[in-house]
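This is work_23.txt. It holds compact mmCIF, C-alpha atoms.
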```txt
# COMPACT_ATOMS: atom_id res chain seq x y z
CA MET S 222 20.18 -18.25 -11.99
CA GLU S 223 22.56 -15.34 -12.38
CA ILE S 224 22.21 -12.72 -9.63
CA VAL S 225 22.51 -9.21 -11.13
CA VAL S 226 21.69 -7.18 -7.99
CA LYS S 227 22.74 -8.28 -4.53
CA ILE S 228 21.85 -6.18 -1.50
CA ASP S 229 23.40 -7.41 1.73
CA GLU S 230 22.31 -6.11 5.16
CA ILE S 231 22.36 -2.45 4.16
CA VAL S 232 21.64 0.34 6.64
CA PHE S 233 21.00 3.94 5.64
CA GLU S 234 20.16 6.93 7.81
CA TYR S 235 18.99 10.46 7.09
CA GLY S 236 19.91 13.14 9.59
CA GLY S 237 22.06 16.15 10.45
CA GLN S 238 19.94 18.64 8.54
CA PRO S 239 21.10 22.30 8.65
CA SER S 240 19.07 24.77 10.67
CA ASP S 241 17.46 27.89 9.22
CA ASP S 242 20.45 30.04 10.14
CA GLY S 243 22.79 27.73 8.22
CA GLU S 244 24.37 26.09 11.26
CA ASN S 245 24.62 22.32 11.42
CA ILE S 246 22.53 20.92 14.23
CA GLU S 247 22.38 17.51 15.78
CA THR S 248 19.18 15.75 14.75
CA PRO S 249 18.17 12.21 15.64
CA PRO S 250 18.97 9.93 12.71
CA ASN S 251 16.05 8.69 10.66
CA VAL S 252 16.79 5.07 9.82
CA ALA S 253 15.41 4.64 6.30
CA LEU S 254 16.89 1.18 5.69
CA ASP S 255 17.57 -1.22 8.53
CA GLY S 256 19.42 -4.39 7.52
CA VAL S 257 17.84 -4.90 4.08
CA SER S 258 18.95 -7.93 2.05
CA ILE S 259 17.58 -8.79 -1.41
CA ALA S 260 18.94 -10.77 -4.37
CA ILE S 261 17.53 -10.14 -7.84
CA ASN S 262 18.09 -12.55 -10.70
CA LYS S 263 18.74 -11.69 -14.32
CA GLY S 264 15.49 -11.26 -16.24
CA GLU S 265 13.27 -11.05 -13.16
CA PHE S 266 10.40 -8.62 -12.71
CA VAL S 267 10.48 -7.67 -9.03
CA ALA S 268 8.00 -5.28 -7.41
CA VAL S 269 8.91 -3.49 -4.17
CA LEU S 270 5.87 -2.43 -2.15
CA GLY S 271 5.50 -0.22 0.89
CA HIS S 272 3.64 2.80 2.18
CA ASN S 273 5.24 6.26 2.21
CA GLY S 274 8.32 6.26 4.41
CA SER S 275 8.85 2.50 4.23
CA GLY S 276 12.26 2.92 2.57
CA LYS S 277 11.46 1.62 -0.91
CA SER S 278 12.61 4.72 -2.84
CA THR S 279 15.74 4.99 -0.70
CA LEU S 280 16.44 1.38 -1.61
CA ALA S 281 16.02 2.18 -5.32
CA LYS S 282 18.64 4.91 -5.14
CA HIS S 283 21.16 2.45 -3.70
CA ILE S 284 20.90 0.16 -6.70
CA ASN S 285 22.77 2.49 -9.03
CA GLY S 286 24.92 4.21 -6.45
CA LEU S 287 22.99 7.45 -6.04
CA LEU S 288 23.14 6.67 -2.31
CA GLN S 289 25.71 4.67 -0.38
CA PRO S 290 24.79 2.60 2.69
CA LYS S 291 26.15 3.38 6.13
CA GLU S 292 26.55 -0.37 6.64
CA GLY S 293 26.32 -3.36 4.33
CA MET S 294 27.05 -3.70 0.62
CA VAL S 295 25.32 -3.49 -2.76
CA TRP S 296 26.64 -5.26 -5.85
CA VAL S 297 25.48 -4.76 -9.44
CA LYS S 298 26.61 -7.53 -11.78
CA GLY S 299 29.30 -8.37 -9.24
CA ILE S 300 30.58 -4.79 -8.93
CA PRO S 301 30.27 -3.09 -5.53
CA THR S 302 28.49 0.26 -5.83
CA SER S 303 31.02 1.64 -3.33
CA ASP S 304 33.76 1.38 -6.00
CA GLU S 305 33.84 4.98 -7.26
CA GLU S 306 35.97 4.00 -10.25
CA LYS S 307 33.16 1.72 -11.42
CA THR S 308 30.27 4.15 -10.88
CA TRP S 309 30.00 4.96 -14.60
CA GLU S 310 29.95 1.27 -15.48
CA ILE S 311 27.25 0.57 -12.89
CA ARG S 312 25.06 3.39 -14.17
CA GLN S 313 25.38 2.07 -17.70
CA SER S 314 23.99 -1.23 -16.42
CA VAL S 315 21.20 0.26 -14.29
CA GLY S 316 18.77 2.77 -15.76
CA MET S 317 16.54 4.80 -13.42
CA VAL S 318 13.07 6.03 -14.35
CA PHE S 319 11.76 8.46 -11.74
CA GLN S 320 8.31 9.49 -10.58
CA ASN S 321 7.98 12.75 -12.51
CA PRO S 322 8.92 12.48 -16.22
CA ASP S 323 9.20 16.28 -16.45
CA ASN S 324 12.24 16.05 -14.16
CA GLN S 325 13.90 13.57 -16.51
CA ILE S 326 13.11 15.06 -19.94
CA ILE S 327 15.42 17.93 -20.88
CA ALA S 328 15.30 18.39 -24.67
CA THR S 329 12.70 20.27 -26.70
CA ILE S 330 12.16 17.42 -29.19
CA VAL S 331 11.39 13.80 -28.24
CA GLU S 332 14.08 12.11 -30.35
CA GLU S 333 16.71 14.59 -29.15
CA ASP S 334 15.86 13.77 -25.56
CA VAL S 335 16.19 10.03 -26.20
CA ALA S 336 19.58 10.69 -27.85
CA PHE S 337 20.91 12.63 -24.85
CA GLY S 338 22.00 9.59 -22.83
CA PRO S 339 23.97 7.76 -25.54
CA GLU S 340 25.55 11.06 -26.60
CA ASN S 341 26.94 11.45 -23.09
CA LEU S 342 28.25 7.88 -23.24
CA GLY S 343 30.26 8.79 -26.35
CA VAL S 344 28.27 6.55 -28.69
CA PRO S 345 29.03 7.31 -32.38
CA PRO S 346 26.29 9.36 -34.16
CA ALA S 347 25.30 6.58 -36.56
CA GLU S 348 24.80 4.17 -33.64
CA ILE S 349 22.84 6.82 -31.71
CA ARG S 350 20.41 7.08 -34.62
CA VAL S 351 19.85 3.33 -34.53
CA ARG S 352 19.41 3.28 -30.75
CA VAL S 353 16.95 6.20 -30.74
CA ASP S 354 14.79 4.59 -33.43
CA GLU S 355 14.82 1.21 -31.66
CA ALA S 356 14.06 2.73 -28.25
CA LEU S 357 11.13 4.80 -29.52
CA GLU S 358 9.73 1.77 -31.32
CA ALA S 359 10.06 -0.33 -28.15
CA VAL S 360 7.86 2.08 -26.18
CA GLY S 361 5.43 2.78 -29.02
CA MET S 362 6.45 6.42 -29.49
CA THR S 363 7.96 6.40 -33.00
CA LYS S 364 5.30 8.67 -34.49
CA PHE S 365 5.98 11.28 -31.81
CA ALA S 366 9.74 11.46 -32.49
CA GLY S 367 9.58 15.03 -33.79
CA ASN S 368 7.09 16.33 -31.20
CA PRO S 369 7.87 18.66 -28.30
CA PRO S 370 7.58 16.66 -25.04
CA HIS S 371 5.36 19.29 -23.42
CA GLN S 372 2.61 18.40 -25.90
CA LEU S 373 2.48 14.78 -24.71
CA SER S 374 0.30 13.17 -22.05
CA GLY S 375 1.79 12.05 -18.76
CA GLY S 376 1.90 8.41 -19.88
CA GLN S 377 3.54 9.35 -23.17
CA LYS S 378 6.16 11.45 -21.38
CA GLN S 379 6.99 8.55 -19.10
CA ARG S 380 7.35 6.28 -22.14
CA VAL S 381 9.80 8.82 -23.61
CA ALA S 382 11.74 8.77 -20.33
CA ILE S 383 11.92 4.97 -20.55
CA ALA S 384 13.07 5.24 -24.18
CA GLY S 385 15.88 7.53 -23.05
CA ILE S 386 17.02 4.85 -20.63
CA LEU S 387 16.67 2.09 -23.24
CA ALA S 388 18.88 4.00 -25.67
CA MET S 389 21.73 3.57 -23.20
CA ARG S 390 21.24 -0.21 -23.39
CA PRO S 391 20.95 -1.06 -19.66
CA ASP S 392 20.51 -4.63 -18.43
CA ILE S 393 18.42 -3.46 -15.47
CA ILE S 394 15.72 -0.79 -15.25
CA VAL S 395 14.62 0.56 -11.87
CA MET S 396 11.24 2.28 -12.01
CA ASP S 397 10.96 4.42 -8.89
CA GLU S 398 7.20 5.04 -8.57
CA SER S 399 7.19 5.84 -12.29
CA THR S 400 3.41 5.55 -12.52
CA ALA S 401 2.56 7.51 -9.37
CA MET S 402 1.68 10.76 -11.18
CA LEU S 403 -0.20 9.14 -14.06
CA ASP S 404 -3.88 8.51 -14.67
CA PRO S 405 -5.09 4.90 -15.08
CA ILE S 406 -4.55 4.96 -18.86
CA GLY S 407 -1.00 6.25 -18.44
CA ARG S 408 -0.26 3.63 -15.80
CA ARG S 409 -1.46 0.87 -18.11
CA GLU S 410 0.71 2.23 -20.95
CA VAL S 411 3.85 2.26 -18.81
CA MET S 412 3.17 -1.16 -17.28
CA ALA S 413 2.64 -2.65 -20.75
CA VAL S 414 6.04 -1.30 -21.81
CA ALA S 415 7.70 -2.63 -18.65
CA LYS S 416 6.25 -6.10 -19.13
CA ARG S 417 7.25 -6.22 -22.79
CA LEU S 418 10.82 -5.15 -21.99
CA ASN S 419 10.97 -7.78 -19.28
CA SER S 420 9.80 -10.43 -21.74
CA GLU S 421 12.79 -9.44 -23.89
CA GLY S 422 15.23 -10.15 -21.06
CA ILE S 423 15.59 -6.82 -19.26
CA THR S 424 15.48 -7.05 -15.47
CA ILE S 425 12.75 -4.78 -14.09
CA ILE S 426 12.65 -3.51 -10.52
CA LEU S 427 9.36 -1.71 -9.94
CA ILE S 428 9.00 0.49 -6.86
CA THR S 429 5.27 1.06 -6.42
CA HIS S 430 2.35 1.41 -4.07
CA TYR S 431 -0.17 0.15 -6.62
CA MET S 432 -1.15 -3.39 -5.71
CA ASP S 433 -2.50 -4.21 -9.17
CA GLU S 434 0.91 -3.39 -10.66
CA ALA S 435 2.76 -5.51 -8.13
CA ALA S 436 0.42 -8.42 -8.87
CA GLN S 437 1.91 -8.58 -12.38
CA ALA S 438 5.48 -9.12 -11.14
CA ASP S 439 7.37 -12.40 -10.78
CA ARG S 440 8.17 -11.62 -7.15
CA VAL S 441 7.00 -9.10 -4.57
CA VAL S 442 9.11 -7.57 -1.79
CA VAL S 443 7.14 -5.78 0.93
CA MET S 444 8.87 -3.14 3.06
CA ASN S 445 7.82 -1.53 6.32
CA GLY S 446 9.84 0.66 8.64
CA GLY S 447 12.99 0.24 6.57
CA LYS S 448 12.87 -3.56 6.71
CA VAL S 449 11.80 -6.32 4.35
CA VAL S 450 8.78 -7.88 6.06
CA MET S 451 7.49 -10.15 3.27
CA GLU S 452 8.92 -11.64 0.11
CA GLY S 453 7.50 -14.12 -2.37
CA VAL S 454 5.40 -14.64 -5.48
CA PRO S 455 2.27 -12.44 -5.75
CA ALA S 456 -0.10 -15.34 -5.05
CA ASP S 457 1.62 -15.99 -1.70
CA ILE S 458 1.98 -12.34 -0.68
CA PHE S 459 -1.52 -11.14 -1.49
CA THR S 460 -3.28 -13.98 0.27
CA GLN S 461 -1.94 -12.48 3.53
CA ILE S 462 -4.70 -9.88 3.53
CA ASP S 463 -4.79 -9.17 7.27
CA GLU S 464 -0.99 -8.89 7.54
CA LEU S 465 -0.82 -6.42 4.65
CA LYS S 466 -3.60 -4.27 6.07
CA GLU S 467 -1.88 -4.20 9.45
CA ILE S 468 1.05 -2.33 7.87
CA GLY S 469 -1.19 0.07 5.95
CA LEU S 470 -1.28 -1.69 2.58
CA ASP S 471 -4.21 -2.85 0.54
CA VAL S 472 -4.49 -5.86 -1.76
CA PRO S 473 -5.28 -5.98 -5.50
CA GLN S 474 -8.95 -5.48 -6.26
CA ALA S 475 -9.19 -8.97 -7.75
CA VAL S 476 -7.91 -10.47 -4.48
CA GLU S 477 -10.45 -8.52 -2.42
CA ILE S 478 -13.35 -9.52 -4.68
CA ALA S 479 -12.27 -13.18 -4.74
CA HIS S 480 -12.02 -13.17 -0.93
CA LYS S 481 -15.55 -11.80 -0.55
CA LEU S 482 -16.93 -14.27 -3.08
CA ARG S 483 -15.39 -17.16 -1.16
CA LEU S 484 -16.98 -15.84 2.05
CA GLY S 485 -20.25 -15.83 0.13
CA GLY S 486 -19.93 -19.51 -0.67
CA ILE S 487 -18.45 -19.43 -4.17
CA ASP S 488 -15.67 -21.99 -4.55
CA LEU S 489 -12.75 -20.16 -6.18
CA PRO S 490 -9.18 -21.46 -6.45
CA LYS S 491 -6.41 -19.91 -4.38
CA GLY S 492 -3.79 -17.67 -5.97
CA ILE S 493 -6.09 -15.24 -7.80
CA VAL S 494 -4.29 -11.88 -7.94
CA THR S 495 -5.23 -10.29 -11.30
CA GLY S 496 -8.50 -9.38 -12.94
CA ASN S 497 -7.92 -11.83 -15.78
CA GLN S 498 -7.41 -14.68 -13.33
CA LEU S 499 -10.62 -13.76 -11.53
CA VAL S 500 -12.64 -13.66 -14.75
CA GLU S 501 -11.25 -17.03 -15.82
CA ALA S 502 -12.04 -18.59 -12.43
CA LEU S 503 -15.60 -17.26 -12.46
CA THR S 504 -16.08 -18.53 -16.01
CA ASN S 505 -15.03 -22.01 -14.91
CA VAL S 506 -17.39 -21.85 -11.91
CA ASN S 507 -20.30 -21.01 -14.21
CA ARG S 508 -19.41 -23.84 -16.55
CA ASN S 509 -19.38 -26.33 -13.69
```

Conversion result in structure tokens:
Amino acid sequence: MEIVVKIDEIVFEYGGQPSDDGENIETPPNVALDGVSIAINKGEFVAVLGHNGSGKSTLAKHINGLLQPKEGMVWVKGIPTSDEEKTWEIRQSVGMVFQNPDNQIIATIVEEDVAFGPENLGVPPAEIRVRVDEALEAVGMTKFAGNPPHQLSGGQKQRVAIAGILAMRPDIIVMDESTAMLDPIGRREVMAVAKRLNSEGITIILITHYMDEAAQADRVVVMNGGKVVMEGVPADIFTQIDELKEIGLDVPQAVEIAHKLRLGGIDLPKGIVTGNQLVEALTNVNRN
């Protein structure tokens, strides 16, 4: 497998905030990342879980060079993010979709907003037209191309933000809590787009605190206190119910229900993490 993102023992600290009178004061460093190492393969869908303050969003910002580690290294497609001459190239490879789509949408018309990224990359106008049309189609927003973004729902806005990233043709998309401000319908819309893009070969890195979203990934990385404390496929991670709850995390609803059913004497297979898997398992139990 080709590794497209390699994170090696990175350390990052926040600190040294200015005081109210503008003078710099010595503040104890807040270690946000403490020796984090992760390798992500081309075409993977990786979910990064953790409660607030676990370091997951700080990690996301290291992947395209928005932040630089105090120690350790990050490589994107073999290029170190510390190489300032390659920053533009790295950010063409890694698209970031943030939590609030209103902070990422700048134009007054949807298709103009999607065109903004490739315009800044110097893409010829004819090619921009093609990219905008393809990106809007990929996220199911073609019929809203001429609409003002402020008239859209939260889920639709986030899909436009993703289209804007797609128009720049990245190989990797980092979604930094991109569903956090959405209602359940909006979250489902965005997750459906992410899964479809992943099926087409785009590497997806999903930063989330929604267990049901993480359950749909190929691999789950769990962070706590700036460290990676668990890593594996969803079926392995979410069976560690007590360990997850000890660090303030829940488990997908399907896992919780399956666990209680087993305690009640119903023989269900291991590895159930999604609602569809639970329904299928219960159907087989009834047949038997």

Could you give me, as JSON lines, every segment 416-500 of chain S residue with an atom at most 9 Å from segment 266-281 of chain S, plus its closest atom pair and distance in Å to one decimal, counting all atoms listed in the file, rows ordered by chain then number?
```
{"residue": "S:Lys416", "atom": "CA", "partner": "S:Phe266", "partner_atom": "CA", "distance": 8.0}
{"residue": "S:Asn419", "atom": "CA", "partner": "S:Phe266", "partner_atom": "CA", "distance": 6.6}
{"residue": "S:Ile423", "atom": "CA", "partner": "S:Phe266", "partner_atom": "CA", "distance": 8.5}
{"residue": "S:Thr424", "atom": "CA", "partner": "S:Phe266", "partner_atom": "CA", "distance": 6.0}
{"residue": "S:Ile425", "atom": "CA", "partner": "S:Phe266", "partner_atom": "CA", "distance": 4.7}
{"residue": "S:Ile426", "atom": "CA", "partner": "S:Val267", "partner_atom": "CA", "distance": 4.9}
{"residue": "S:Leu427", "atom": "CA", "partner": "S:Ala268", "partner_atom": "CA", "distance": 4.6}
{"residue": "S:Ile428", "atom": "CA", "partner": "S:Val269", "partner_atom": "CA", "distance": 4.8}
{"residue": "S:Thr429", "atom": "CA", "partner": "S:Leu270", "partner_atom": "CA", "distance": 5.5}
{"residue": "S:His430", "atom": "CA", "partner": "S:Leu270", "partner_atom": "CA", "distance": 5.6}
{"residue": "S:Tyr431", "atom": "CA", "partner": "S:Leu270", "partner_atom": "CA", "distance": 7.9}
{"residue": "S:Met432", "atom": "CA", "partner": "S:Leu270", "partner_atom": "CA", "distance": 7.9}
{"residue": "S:Glu434", "atom": "CA", "partner": "S:Ala268", "partner_atom": "CA", "distance": 8.0}
{"residue": "S:Ala435", "atom": "CA", "partner": "S:Ala268", "partner_atom": "CA", "distance": 5.3}
{"residue": "S:Ala436", "atom": "CA", "partner": "S:Ala268", "partner_atom": "CA", "distance": 8.3}
{"residue": "S:Gln437", "atom": "CA", "partner": "S:Phe266", "partner_atom": "CA", "distance": 8.5}
{"residue": "S:Ala438", "atom": "CA", "partner": "S:Phe266", "partner_atom": "CA", "distance": 5.2}
{"residue": "S:Asp439", "atom": "CA", "partner": "S:Phe266", "partner_atom": "CA", "distance": 5.2}
{"residue": "S:Arg440", "atom": "CA", "partner": "S:Val267", "partner_atom": "CA", "distance": 4.9}
{"residue": "S:Val441", "atom": "CA", "partner": "S:Ala268", "partner_atom": "CA", "distance": 4.9}
{"residue": "S:Val442", "atom": "CA", "partner": "S:Val269", "partner_atom": "CA", "distance": 4.7}
{"residue": "S:Val443", "atom": "CA", "partner": "S:Leu270", "partner_atom": "CA", "distance": 4.7}
{"residue": "S:Met444", "atom": "CA", "partner": "S:Gly271", "partner_atom": "CA", "distance": 5.0}
{"residue": "S:Asn445", "atom": "CA", "partner": "S:Ser275", "partner_atom": "CA", "distance": 4.7}
{"residue": "S:Gly446", "atom": "CA", "partner": "S:Ser275", "partner_atom": "CA", "distance": 4.9}
{"residue": "S:Gly447", "atom": "CA", "partner": "S:Gly276", "partner_atom": "CA", "distance": 4.9}
{"residue": "S:Lys448", "atom": "CA", "partner": "S:Ser275", "partner_atom": "CA", "distance": 7.7}
{"residue": "S:Ile468", "atom": "CA", "partner": "S:His272", "partner_atom": "CA", "distance": 8.1}
{"residue": "S:Gly469", "atom": "CA", "partner": "S:His272", "partner_atom": "CA", "distance": 6.7}
{"residue": "S:Leu470", "atom": "CA", "partner": "S:His272", "partner_atom": "CA", "distance": 6.7}
```

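Using only C-alpha atoms, the shortest contact distance between His371 of chain S and any of S:Leu503, S:Ala328, S:Ile462, S:Val232 is found at S:Ala328.
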
Specify the axis-aligned box that encloses all atoms of segment 413-432 of chain S listed in the file after padding of 6 Å on each side, stating its centre and edge lengths in Å to one decimal as AutoDock Vina command-line options.
```
--center_x 7.2 --center_y -4.5 --center_z -14.0 --size_x 28.7 --size_y 23.8 --size_z 31.8
```

- Query: Pick the closest to Asp457 of chain S from S:Val494, S:Ile284, S:Ala336, S:Met389: which is it, counting all atoms listed in the file?
  - Reply: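 Result for the nearest residue to Asp457 of chain S: S:Val494.
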
- Please provide the set of residues having any atom within 10 Å of Leu499 of chain S, restricted to only C-alpha atoms, with same-chain residues fewer than 6 positions apart removed, written as a list of chain:residue names. S:Gln474, S:Ala475, S:Val476, S:Ile478, S:Ala479, S:Leu489, S:Pro490, S:Gly492, S:Ile493, S:Asn505

- Item | Counting only C-alpha atoms, the residue of S:Val351, S:Gly338, S:Glu398, S:Pro391 that sits nearest Lys282 of chain S |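 That would be S:Glu398, the residue with the smallest distance to Lys282 of chain S.
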
- Message: I need every residue sitting at most 6 Å from the point (6.8, 5.9, -21.3) (coordinates as in the file, all atoms listed in the file considered), written as a list in words.
- Response: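 All residues meeting the 6 Å criterion around (6.8, 5.9, -21.3) are Gly376, Gln377, Lys378, Gln379, Arg380, Val381, Ala382, Ile383 and Val411 of chain S.
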
- Message: For a test of reading the model, state the distance in Å between atom CA of Pro345 of chain S and atom CA of Ala388 of chain S, rounded to one decimal.
- Response: 12.6 Å

- Counting all atoms listed in the file, the residue among S:Thr302, S:Met451, S:Lys364, S:Ala415 that lies closest to Glu464 of chain S is S:Met451

- Query: Of the residues S:Phe233, S:Phe459, S:Met317, S:Ser303, which is the one nearest to Asp471 of chain S, using all atoms listed in the file?
  - Reply: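 Closest residue, counting all atoms listed in the file: S:Phe459.
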
- Identify, on the basis of all atoms listed in the file, every residue whose closest approach to Ile327 of chain S does not exceed 12 Å; exclude the query and any residue fewer than 2 positions from it along the same chain; express the result as a list in words. Pro322, Asp323, Asn324, Gln325, Thr329, Ile330, Val331, Glu332, Glu333, Asp334, Val335, Ala336, Phe337, Gly338, Pro369, Pro370, His371, Lys378, Val381, Ala382 and Gly385 of chain S

- Item | Counting all atoms listed in the file, the option among S:Asn285, S:Asn321, S:Ser420, S:Asn251 closest to Lys307 of chain S | S:Asn285

- Figure out the distance between atom CA of Gly286 of chain S and atom CA of Val226 of chain S, please, to one decimal in Å.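 A separation of 11.9 Å between them.
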
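For the point (14.6, -19.7, -12.8), the residues with at least one atom inside 9 Å, counting all atoms listed in the file, are Met222, Asn262 and Glu265 of chain S.
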
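Rounded to one decimal, atom CA of Thr363 of chain S and atom CA of Gly375 of chain S lie 16.5 Å from each other.
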